[in-house]
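**Q** My structure is stored as run-v1.pdb, with PDB, C-alpha atoms and all ligand atoms.
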```
ATOM      1  CA  MET K 105      14.653 -11.434 -43.575
ATOM      2  CA  LYS K 106      13.855 -14.791 -45.104
ATOM      3  CA  GLY K 107      13.439 -17.659 -42.721
ATOM      4  CA  ASP K 108      12.436 -15.422 -39.884
ATOM      5  CA  LEU K 109       8.957 -16.607 -39.083
ATOM      6  CA  VAL K 110       7.543 -13.682 -37.202
ATOM      7  CA  ALA K 111       4.222 -11.974 -37.345
ATOM      8  CA  GLY K 112       4.002  -8.361 -38.342
ATOM      9  CA  VAL K 113       4.811  -5.579 -35.954
ATOM     10  CA  GLU K 114       3.703  -2.029 -35.426
ATOM     11  CA  VAL K 115       6.446   0.482 -34.729
ATOM     12  CA  HIS K 116       6.004   3.312 -32.251
ATOM     13  CA  ALA K 117       8.268   6.278 -31.562
ATOM     14  CA  ASP K 118       8.006   8.698 -28.664
ATOM     15  CA  ARG K 119       9.316  11.924 -30.131
ATOM     16  CA  ASP K 120       9.413  13.541 -26.695
ATOM     17  CA  VAL K 121      11.954  10.945 -25.564
ATOM     18  CA  CYS K 122      14.084  10.785 -28.723
ATOM     19  CA  ILE K 123      17.474  12.464 -28.348
ATOM     20  CA  GLY K 124      18.230  12.474 -32.055
ATOM     21  CA  ALA K 125      21.067   9.992 -31.979
ATOM     22  CA  GLY K 126      20.099   8.669 -35.399
ATOM     23  CA  LEU K 127      20.918   5.026 -34.782
ATOM     24  CA  CYS K 128      17.440   3.999 -35.859
ATOM     25  CA  VAL K 129      17.936   5.596 -39.259
ATOM     26  CA  LEU K 130      21.292   3.873 -39.677
ATOM     27  CA  THR K 131      19.789   0.534 -38.675
ATOM     28  CA  ALA K 132      16.438   0.689 -40.464
ATOM     29  CA  GLY K 133      16.428   3.566 -42.920
ATOM     30  CA  ALA K 134      13.262   2.341 -44.586
ATOM     31  CA  VAL K 135      11.394   2.535 -41.306
ATOM     32  CA  PHE K 136      12.770   5.651 -39.631
ATOM     33  CA  ASP K 137      13.853   9.120 -40.639
ATOM     34  CA  GLN K 138      14.773  12.239 -38.704
ATOM     35  CA  ASP K 139      13.190  15.658 -39.008
ATOM     36  CA  ASP K 140      15.147  18.915 -39.278
ATOM     37  CA  ASP K 141      15.741  18.850 -35.513
ATOM     38  CA  GLY K 142      17.040  15.293 -35.643
ATOM     39  CA  ILE K 143      13.972  13.861 -33.971
ATOM     40  CA  VAL K 144      12.761  10.507 -35.187
ATOM     41  CA  VAL K 145       9.957  10.201 -37.708
ATOM     42  CA  VAL K 146       8.350   6.839 -38.412
ATOM     43  CA  LEU K 147       8.161   6.297 -42.159
ATOM     44  CA  ASP K 148       6.639   2.839 -42.050
ATOM     45  CA  GLU K 149       4.593   1.756 -39.026
ATOM     46  CA  HIS K 150       4.258  -1.776 -40.395
ATOM     47  CA  PRO K 151       7.703  -2.628 -41.739
ATOM     48  CA  ALA K 152       8.293  -5.696 -43.845
ATOM     49  CA  ASP K 153      11.833  -5.947 -42.480
ATOM     50  CA  VAL K 154      10.903  -6.851 -38.914
ATOM     51  CA  VAL K 155      14.466  -7.832 -38.041
ATOM     52  CA  ALA K 156      15.855  -4.390 -38.875
ATOM     53  CA  ALA K 157      12.985  -2.743 -37.011
ATOM     54  CA  ARG K 158      13.672  -4.878 -33.943
ATOM     55  CA  ASP K 159      17.365  -4.040 -34.080
ATOM     56  CA  ALA K 160      16.583  -0.346 -34.264
ATOM     57  CA  VAL K 161      14.267  -0.552 -31.263
ATOM     58  CA  ALA K 162      16.854  -2.522 -29.294
ATOM     59  CA  ASN K 163      19.662  -0.088 -30.137
ATOM     60  CA  CYS K 164      17.871   3.189 -29.514
ATOM     61  CA  PRO K 165      19.851   4.809 -26.672
ATOM     62  CA  SER K 166      16.920   6.790 -25.316
ATOM     63  CA  GLY K 167      14.299   4.042 -25.319
ATOM     64  CA  ALA K 168      12.075   6.135 -27.553
ATOM     65  CA  LEU K 169      11.179   3.240 -29.812
ATOM     66  CA  SER K 170       8.906   0.301 -29.185
ATOM     67  CA  LEU K 171       7.220  -2.481 -31.098
ATOM     68  CA  THR K 172       3.798  -4.014 -30.801
ATOM     69  CA  GLU K 173       3.464  -7.545 -32.106
ATOM     70  CA  GLU K 174       0.474  -7.966 -34.396
TER
HETATM   71  S1  LIG K 201      17.821   5.903 -32.218
HETATM   72 FE1  LIG K 201      16.322   6.572 -30.692
HETATM   73  S2  LIG K 201      17.165   8.476 -29.905
HETATM   74 FE2  LIG K 201      18.197   8.045 -31.848
HETATM   75  S3  LIG K 201      17.008   9.147 -33.418
HETATM   76 FE3  LIG K 201      16.239   7.072 -33.297
HETATM   77  S4  LIG K 201      14.526   7.197 -31.852
HETATM   78 FE4  LIG K 201      15.757   9.015 -31.560
END
```
Show me the file's structure as C-alpha cells.

**A**
Amino acid sequence: MKGDLVAGVEVHADRDVCIGAGLCVLTAGAVFDQDDDGIVVVLDEHPADVVAARDAVANCPSGALSLTEE
C-alpha cells in the first residue's frame, strides 16, 4: 500500500498447524492459496503487498502464519 514505509517481509506458513480456515486466502489471495485439503500454500514468500500479508498473519485463527522482517 502506498505510503506504508516498511521493509520487505518473508512469509512463513506451518502447514502442520493450519486448520484450513481460508482467511489468509480471503485476505491476501496473491500471497496464499489452499491445496486440495484446504491447507495453506504460500504463493509468494516475499509479497509486495506487505499490509495484506500482515493482516493475513494477524487474522489466521490457528497461528500457522508468521512474518520475518527483512
Ligand atoms: S488462515 Fe491460517 S488456518 Fe486458515 S488456511 Fe490460512 S494458514 Fe490455514

**Q** Could you check which of K:Glu174, K:Ala117, K:Ala162, K:Gln138 is closest to His150 (chain K), using only C-alpha atoms?

**A**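 Smallest separation from His150 (chain K) among the options: K:Glu174.
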
**Q** Which value, in Å to one decimal, gives the distance between atom FE3 of ligand LIG 201 (chain K) and CA of Val155 (chain K)?

**A** 15.7 Å

**Q** Residue by residue, what does the PyMOL selection byres (((chain K and resi 144) around 10) and not hetatm) grab here? Present the result as a list in words.

**A**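 That expression, the PyMOL selection byres (((chain K and resi 144) around 10) and not hetatm), corresponds here to Ala117, Asp118, Arg119, Asp120, Val121, Cys122, Ile123, Gly124, Ala125, Gly126, Leu127, Cys128, Val129, Phe136, Asp137, Gln138, Asp139, Asp140, Asp141, Gly142, Ile143, Val145, Val146, Leu147, Ala168 and Leu169 of chain K.
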
**Q** CA of Ala156 (chain K) and CA of Leu171 (chain K), how far apart in Å?

**A**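 These two atoms are separated by 11.8 Å.
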
**Q** Just checking: using all atoms listed in the file, which residue out of K:Gly112, K:Pro165, K:Thr172, K:Asp159 ends up closest to ligand LIG 201 (chain K)?

**A**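 Of K:Gly112, K:Pro165, K:Thr172, K:Asp159, the one nearest ligand LIG 201 (chain K), counting all atoms listed in the file, is K:Pro165.
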
**Q** Pick from K:Arg158, K:Glu114, K:Leu130, K:Glu149: nearest to ligand LIG 201 (chain K), with all atoms listed in the file counted?

**A**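 Checking each candidate against ligand LIG 201 (chain K), we get K:Leu130 as the closest.
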
**Q** Hey, which of K:Ala134, K:Ala157, K:Pro151, K:Ser166 ends up closest to ligand LIG 201 (chain K)? Count only C-alpha atoms and all ligand atoms.

**A**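 So, comparing all the options, the nearest one is K:Ser166.
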
**Q** How many Å lie between atom FE4 of ligand LIG 201 (chain K) and CA of Ala160 (chain K), rounded to one decimal?

**A**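 A separation of 9.8 Å between them.
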
**Q** Could you check which of K:Asp148, K:Thr131, K:Val113, K:Asp153 is closest to ligand LIG 201 (chain K), using all atoms listed in the file?

**A** K:Thr131

**Q** Box time for ligand LIG 201 (chain K): axis-aligned, enclosing all its listed atoms, 8 Å extra on each side; report centre and edge lengths in Å to one decimal, as JSON.

**A**
```
{"center_x": 16.4, "center_y": 7.5, "center_z": -31.7, "size_x": 19.7, "size_y": 19.2, "size_z": 19.5}
```

**Q** Please determine, counting all atoms listed in the file, which residue among K:Ala132, K:Val115, K:Gly167, K:Ala152 has the shortest atom-to-atom distance to ligand LIG 201 (chain K).

**A** K:Gly167
